[in-house]
file work.txt (compact mmCIF, C-alpha atoms)
# COMPACT_ATOMS: atom_id res chain seq x y z
CA MET K 29 2.81 -22.04 7.23
CA VAL K 30 4.26 -24.08 4.39
CA THR K 31 4.94 -27.79 4.59
CA THR K 32 5.89 -30.24 1.93
CA VAL K 33 3.76 -33.32 1.53
CA THR K 34 4.64 -36.29 -0.58
CA GLU K 35 1.29 -37.36 -1.91
CA ARG K 36 -2.21 -36.07 -2.30
CA GLN K 37 -4.67 -37.00 0.43
CA THR K 38 -7.67 -37.60 -1.79
CA GLY K 39 -11.19 -36.59 -0.95
CA THR K 40 -10.46 -33.38 0.91
CA TRP K 41 -8.79 -31.46 -1.89
CA GLU K 42 -10.57 -29.65 -4.67
CA ASP K 43 -9.00 -28.69 -7.95
CA VAL K 44 -8.55 -24.95 -8.37
CA PHE K 45 -6.46 -24.73 -11.50
CA SER K 46 -3.95 -26.83 -13.36
CA THR K 47 -1.61 -26.59 -16.29
CA GLN K 48 0.75 -29.12 -17.83
CA ALA K 49 3.43 -27.89 -15.45
CA GLY K 50 1.52 -28.15 -12.19
CA ALA K 51 -1.70 -27.88 -10.22
CA VAL K 52 -3.25 -26.04 -7.29
CA TYR K 53 -5.76 -27.62 -4.92
CA GLN K 54 -7.80 -26.13 -2.12
CA CYS K 55 -8.41 -27.88 1.18
CA ASP K 56 -11.43 -26.39 2.98
CA ALA K 57 -10.90 -28.41 6.15
CA GLU K 58 -7.40 -27.00 6.63
CA SER K 59 -8.15 -23.58 5.05
CA CYS K 60 -5.15 -23.85 2.79
CA TRP K 61 -3.93 -24.61 -0.70
CA TYR K 62 -1.61 -27.30 -1.98
CA ILE K 63 0.63 -26.47 -4.90
CA ASN K 64 2.00 -29.30 -6.95
CA PHE K 65 4.90 -27.79 -8.84
CA ALA K 66 8.58 -28.45 -9.61
CA GLY K 67 8.42 -32.02 -8.40
CA LYS K 68 6.90 -31.39 -4.97
CA VAL K 69 3.58 -30.66 -3.30
CA ALA K 70 3.70 -27.77 -0.85
CA LYS K 71 1.05 -26.52 1.53
CA PHE K 72 0.35 -22.77 1.62
CA ASP K 73 -1.87 -20.86 4.00
CA TYR K 74 -3.52 -17.57 2.99
CA ARG K 75 -0.58 -15.34 4.00
CA CYS K 76 2.03 -17.48 2.29
CA LEU K 77 0.00 -17.82 -0.89
CA GLN K 78 -0.24 -14.02 -1.08
CA LYS K 79 3.50 -13.74 -0.48
CA LEU K 80 4.24 -16.32 -3.17
CA LYS K 81 2.02 -14.43 -5.61
CA LYS K 82 3.79 -11.17 -4.84
CA ALA K 83 7.23 -12.75 -5.15
CA VAL K 84 6.48 -14.40 -8.50
CA TYR K 85 4.61 -11.45 -9.99
CA HIS K 86 7.49 -9.10 -9.11
CA ILE K 87 10.05 -11.03 -11.15
CA ASP K 88 10.86 -9.06 -14.30
CA ILE K 89 10.72 -11.91 -16.81
CA GLU K 90 11.37 -9.65 -19.81
CA ALA K 91 14.55 -8.26 -18.23
CA LYS K 92 15.71 -11.80 -17.50
CA LEU K 93 15.07 -12.86 -21.10
CA LEU K 94 17.15 -9.94 -22.36
CA ASP K 95 19.92 -10.50 -19.84
CA SER K 96 22.97 -11.69 -21.78
CA SER K 97 25.33 -12.04 -18.81
CA LYS K 98 26.79 -15.40 -17.96
CA ASP K 99 24.97 -15.68 -14.62
CA PRO K 100 23.01 -18.90 -14.19
CA ASP K 101 19.45 -18.66 -15.42
CA VAL K 102 18.01 -19.49 -12.00
CA GLU K 103 15.80 -17.59 -9.59
CA ILE K 104 15.46 -18.36 -5.89
CA ILE K 105 11.99 -17.63 -4.58
CA PHE K 106 12.32 -17.28 -0.85
CA ILE K 107 9.19 -16.40 1.05
CA CYS K 108 9.85 -14.59 4.30
CA ALA K 109 8.46 -16.32 7.43
CA CYS K 110 7.67 -19.45 5.41
CA ASP K 111 10.10 -22.35 5.65
CA HIS K 112 9.97 -22.99 1.97
CA THR K 113 12.00 -22.02 -1.08
CA TYR K 114 11.67 -22.57 -4.81
CA ILE K 115 14.75 -22.66 -6.99
CA LEU K 116 13.46 -22.24 -10.52
CA THR K 117 14.73 -21.77 -14.04
CA LEU K 118 13.31 -18.97 -16.16
CA LEU K 119 10.98 -21.38 -17.96
CA GLN K 120 9.68 -22.67 -14.62
CA ILE K 121 9.10 -19.11 -13.41
CA ILE K 122 6.93 -18.47 -16.47
CA GLU K 123 5.07 -21.72 -15.81
CA LEU K 124 4.56 -20.92 -12.11
CA LYS K 125 3.32 -17.44 -12.94
CA GLU K 126 0.83 -18.90 -15.41
CA LEU K 127 -0.30 -21.40 -12.77
CA LEU K 128 -0.77 -18.68 -10.13
CA GLN K 129 -2.52 -16.32 -12.53
CA GLY K 130 -5.02 -19.03 -13.42
CA THR K 131 -5.43 -19.92 -9.75
CA PHE K 132 -6.26 -16.37 -8.71
CA VAL K 133 -8.73 -15.98 -11.57
CA MET K 134 -10.46 -19.16 -10.41
CA LEU K 135 -10.48 -18.00 -6.78
CA GLN K 136 -11.97 -14.71 -7.89
CA LEU K 137 -14.58 -16.58 -9.90
CA ASN K 138 -15.34 -18.63 -6.78
CA ASN K 139 -15.80 -15.37 -4.87
CA ILE K 140 -18.24 -14.08 -7.51
CA LEU K 141 -20.19 -17.36 -7.41
CA HIS K 142 -20.41 -17.23 -3.61
CA ASP K 143 -21.63 -13.63 -3.78
CA LYS K 144 -24.27 -14.46 -6.36
CA LEU K 145 -25.44 -17.80 -4.97
CA TYR K 146 -25.20 -17.49 -1.20
CA ARG K 147 -24.66 -13.88 -0.20
CA THR K 148 -27.38 -12.11 -2.13
CA ALA K 149 -30.40 -11.08 -0.10
CA VAL K 150 -33.53 -12.65 -1.61
CA MET U 9 -15.34 -24.97 -2.32
CA LYS U 10 -15.15 -22.30 0.40
CA ASP U 11 -14.40 -18.69 -0.54
CA LEU U 12 -11.21 -18.76 1.57
CA ILE U 13 -9.67 -15.54 0.23
CA ARG U 14 -12.73 -13.48 1.15
CA ILE U 15 -13.04 -15.22 4.51
CA LYS U 16 -9.48 -14.21 5.38
CA SER U 17 -9.52 -10.60 4.19
CA LEU U 18 -11.92 -7.89 3.16
CA LEU U 19 -9.28 -6.24 0.99
CA SER U 20 -8.24 -7.28 -2.49
CA THR U 21 -4.50 -7.58 -3.07
CA GLU U 22 -4.58 -4.47 -5.25
CA VAL U 23 -6.35 -2.31 -2.65
CA GLU U 24 -4.09 -3.67 0.10
CA ASP U 25 -1.03 -2.69 -1.96
CA LEU U 26 -2.41 0.80 -2.56
CA LEU U 27 -3.18 1.24 1.15
CA ASN U 28 0.35 0.15 2.04
CA GLN U 29 1.71 2.67 -0.46
CA GLN U 30 -0.40 5.29 1.29
CA VAL U 31 1.08 4.28 4.66
CA LYS U 32 4.47 5.00 3.15
CA LYS U 33 3.31 8.30 1.69
CA GLU U 34 1.96 9.48 5.05
CA ALA U 35 5.21 8.44 6.76
CA LEU U 36 7.14 10.35 4.11
CA SER U 37 4.95 13.43 4.67
CA SER U 38 5.52 13.24 8.40
CA SER U 39 9.31 13.11 7.91
CA ILE U 40 9.25 15.95 5.38
CA TYR U 41 7.29 18.14 7.83
CA LEU U 42 9.77 17.27 10.56
CA ALA U 43 12.64 18.43 8.33
CA MET U 44 10.70 21.61 7.57
CA ALA U 45 10.17 22.21 11.31
CA SER U 46 13.91 21.86 11.84
CA TRP U 47 14.78 24.26 8.98
CA CYS U 48 12.29 26.89 10.22
CA ASN U 49 13.55 26.59 13.78
CA ARG U 50 17.21 26.95 12.68
CA ASN U 51 16.34 30.04 10.66
CA GLY U 52 14.40 31.80 13.40
CA PHE U 53 10.85 31.08 12.22
CA ASP U 54 9.57 29.65 15.47
CA TYR U 55 5.84 29.83 14.76
CA SER U 56 6.27 28.05 11.42
CA SER U 57 8.46 25.48 13.11
CA GLU U 58 5.68 24.76 15.62
CA TYR U 59 3.17 24.61 12.74
CA PHE U 60 5.27 21.96 10.96
CA PHE U 61 5.81 19.96 14.15
CA LYS U 62 2.02 19.76 14.47
CA GLN U 63 1.68 18.80 10.80
CA ALA U 64 4.27 16.02 11.28
CA GLU U 65 2.22 14.66 14.20
CA GLU U 66 -0.95 14.73 12.11
CA GLU U 67 0.65 12.86 9.23
CA ARG U 68 1.92 10.23 11.64
CA HIS U 69 -1.62 9.88 12.96
CA HIS U 70 -2.89 9.42 9.38
CA GLN U 71 -0.23 6.78 8.76
CA LEU U 72 -1.34 4.80 11.80
CA LYS U 73 -4.99 5.08 10.79
CA PHE U 74 -4.22 3.45 7.42
CA TYR U 75 -1.94 0.92 9.08
CA LYS U 76 -4.55 -0.21 11.59
CA TYR U 77 -7.30 -0.32 8.97
CA ILE U 78 -5.26 -2.75 6.84
CA LEU U 79 -4.69 -4.99 9.88
CA ASP U 80 -8.30 -4.77 11.06
CA MET U 81 -9.54 -5.90 7.64
CA GLY U 82 -7.28 -8.95 7.60
CA GLY U 83 -4.50 -7.49 5.47
CA ASN U 84 -0.76 -7.30 5.92
CA ALA U 85 0.38 -3.82 7.02
CA ILE U 86 3.96 -3.12 6.03
CA SER U 87 6.13 -0.76 8.08
CA PRO U 88 7.61 1.57 5.47
CA GLU U 89 11.18 2.55 4.78
CA VAL U 90 11.53 6.32 4.57
CA THR U 91 14.67 7.76 3.02
CA GLY U 92 15.87 10.72 0.98
CA ILE U 93 14.22 13.48 2.99
CA LYS U 94 15.14 16.99 1.82
CA GLN U 95 16.79 18.76 4.75
CA GLU U 96 17.75 22.14 3.29
CA TYR U 97 15.64 24.82 1.64
CA ASN U 98 16.70 27.82 -0.39
CA SER U 99 14.12 30.15 1.10
CA PHE U 100 11.32 30.50 3.65
CA ARG U 101 8.81 30.55 0.80
CA GLU U 102 10.19 27.34 -0.75
CA VAL U 103 9.32 25.46 2.45
CA PHE U 104 5.63 26.34 2.04
CA GLU U 105 5.64 25.70 -1.71
CA ASP U 106 6.94 22.19 -1.01
CA ALA U 107 4.37 21.72 1.76
CA LEU U 108 1.51 22.49 -0.64
CA GLU U 109 2.98 20.17 -3.29
CA GLN U 110 3.16 17.41 -0.69
CA GLU U 111 -0.50 17.87 0.27
CA ILE U 112 -1.60 17.89 -3.37
CA SER U 113 0.27 14.66 -3.96
CA VAL U 114 -1.42 13.06 -0.90
CA THR U 115 -4.87 14.16 -2.14
CA GLN U 116 -4.19 12.71 -5.59
CA SER U 117 -3.04 9.43 -4.17
CA ILE U 118 -6.13 9.09 -1.93
CA LYS U 119 -8.30 9.85 -4.97
CA LYS U 120 -6.53 7.04 -6.81
CA ILE U 121 -7.31 4.53 -4.05
CA TYR U 122 -10.91 5.77 -3.94
CA ALA U 123 -11.29 5.22 -7.70
CA ARG U 124 -9.87 1.71 -7.43
CA CYS U 125 -12.27 0.87 -4.58
CA LEU U 126 -15.24 2.18 -6.54
CA ASN U 127 -14.15 0.03 -9.45
CA GLU U 128 -14.07 -3.04 -7.17
CA GLN U 129 -17.24 -2.02 -5.32
CA ASP U 130 -15.23 -1.96 -2.09
CA TYR U 131 -17.59 0.52 -0.44
CA VAL U 132 -16.27 -0.32 3.01
CA THR U 133 -12.85 1.11 2.17
CA ASN U 134 -14.50 4.02 0.35
CA GLU U 135 -16.34 4.90 3.54
CA PHE U 136 -13.05 4.70 5.47
CA LEU U 137 -11.41 7.01 2.92
CA ASN U 138 -14.15 9.65 3.26
CA TRP U 139 -12.55 10.89 6.48
CA PHE U 140 -9.24 11.43 4.65
CA LEU U 141 -10.87 13.26 1.75
CA LYS U 142 -12.40 15.71 4.21
CA GLU U 143 -9.08 16.02 6.01
CA GLN U 144 -7.34 16.87 2.72
CA ARG U 145 -9.67 19.84 2.24
CA GLU U 146 -8.28 21.29 5.47
CA GLU U 147 -4.68 20.33 4.72
CA GLU U 148 -4.70 21.88 1.26
CA TYR U 149 -6.51 24.98 2.54
CA LYS U 150 -3.90 25.55 5.25
CA ALA U 151 -0.95 25.04 2.91
CA ARG U 152 -2.50 27.34 0.30
CA ARG U 153 -3.33 29.98 2.91
CA ALA U 154 0.28 29.98 4.13
CA LEU U 155 1.52 30.67 0.60
CA GLU U 156 -1.10 33.41 0.26
CA LEU U 157 0.50 35.18 3.22
CA PHE U 158 3.67 35.59 1.16
CA GLU U 159 1.62 37.36 -1.53
CA ILE U 160 -0.30 39.71 0.72
CA ILE U 161 2.35 40.54 3.32
CA GLY U 162 5.50 40.26 1.21
CA GLU U 163 8.90 39.27 2.54
CA GLU U 164 10.50 42.72 2.52
CA GLY U 165 11.52 44.41 5.76
CA THR U 166 9.82 42.70 8.67
CA GLY U 167 7.57 40.80 6.24
CA SER U 168 9.04 37.36 6.91
CA TRP U 169 8.67 37.90 10.66
CA GLU U 170 5.04 38.96 10.11
CA ILE U 171 4.34 35.92 7.88
CA ASP U 172 5.85 33.59 10.48
CA LYS U 173 3.60 35.06 13.17
CA HIS U 174 0.50 34.57 11.02
CA VAL U 175 1.38 30.99 9.99
CA GLY U 176 0.90 30.00 13.63
CA LYS U 177 -2.67 31.32 13.50
CA ILE U 178 -3.84 29.55 10.33
CA LYS U 179 -7.07 27.67 11.00
CA TYR U 180 -9.68 26.05 8.80
CA ASP U 181 -13.01 27.01 10.34
CA SER U 182 -15.02 27.71 7.21
CA GLU U 183 -18.74 27.01 7.14
CA ALA U 184 -18.01 24.45 4.44
CA ASN U 185 -16.13 22.36 7.00

call {"tool": "encode", "arguments": {"input": "work.txt", "output": "structure tokens"}}
result
Amino acid sequence: MVTTVTERQTGTWEDVFSTQAGAVYQCDAESCWYINFAGKVAKFDYRCLQKLKKAVYHIDIEAKLLDSSKDPDVEIIFICACDHTYILTLLQIIELKELLQGTFVMLQLNNILHDKLYRTAV
Amino acid sequence: MKDLIRIKSLLSTEVEDLLNQQVKKEALSSSIYLAMASWCNRNGFDYSSEYFFKQAEEERHHQLKFYKYILDMGGNAISPEVTGIKQEYNSFREVFEDALEQEISVTQSIKKIYARCLNEQDYVTNEFLNWFLKEQREEEYKARRALELFEIIGEEGTGSWEIDKHVGKIKYDSEAN
């Protein structure tokens, strides 16, 4: 499920990763993530976050950079079964990809920390 | 901060993608065997046709096994699109050559997933894949044995008829099994 919220409800969100272009927060109580990007804050559950990752990672940025046609330099990221769409310029796509890459590295790091700190048999 | 990703799914995105690719590969195999069954039946090789019908069923069963595993582990199983199935063959032998190639390609792709899982220490999926690795021994043996029949019987005279009869009897009951 994806919903757009206008402002951050402080206290329940934890920073996952941020860049100058945006930020990702995790909300444990709701088991979801909030992405602040392109002027809005959107809520993503696990499934939708995976779908967003797949959609963004599959965009061939190099091909788009080399594309000399007169089509507008805009990509629509529509995530199936999520009532949410991003309409981004090429620069924003690069920024979103960077944000997501950093986010998933941090989530992986969190997984490693959980394994080492809480899940290891003593 | 909770480890939400791990709570939701046992599979990493990379392994989930590979497993979904395997679902597609098994579906493709099933369709290829179905086309082979049709070709053999149309050309009078009834035993081989039956053999390929059974193989198609088996591949479908493998596909569902992968599919359900992905879902059981919290992943997203994707129903594959299967197109471009070869319908015509130049010879009886070519059908079996293609069948062996198909099995080799399935073995290689399972090995690739296995290697990725080892790399990630995903031993749970490795254990699941063990069944398939054993199954591939039988699949490759049967496909190789069928091609061997062409060598030892030969297609001259009633050779093709003889080969067809023997294809129906191929079994893997070695002590190594």

call {"tool": "interface_residues", "arguments": {"input": "work.txt", "of": "chain K", "to": "chain U", "cutoff": "7 Å", "atoms": "only C-alpha atoms", "output": "list in words"}}
result
Asp56, Ser59, Asn138, Asn139 and His142 of chain K

call {"tool": "closest_residue", "arguments": {"input": "work.txt", "among": "U:Leu108, U:Ala184, U:Ile171, U:Ile161", "to": "Tyr55 in chain U", "atoms": "only C-alpha atoms"}}
result
U:Ile171

call {"tool": "residues_near_point", "arguments": {"input": "work.txt", "point": "(-0.8, -24.7, -12.8)", "cutoff": "10 Å", "atoms": "only C-alpha atoms", "output": "list of chain:residue names"}}
result
K:Val44, K:Phe45, K:Ser46, K:Thr47, K:Gln48, K:Ala49, K:Gly50, K:Ala51, K:Val52, K:Tyr53, K:Ile63, K:Asn64, K:Phe65, K:Glu123, K:Leu124, K:Lys125, K:Glu126, K:Leu127, K:Leu128, K:Gln129, K:Gly130, K:Thr131

call {"tool": "atom_distance", "arguments": {"input": "work.txt", "atom1": "CA of Leu141 in chain U", "atom2": "CA of Ile118 in chain U"}}
result
7.3 Å

call {"tool": "atom_distance", "arguments": {"input": "work.txt", "atom1": "CA of Leu116 in chain K", "atom2": "CA of Glu42 in chain K"}}
result
25.8 Å
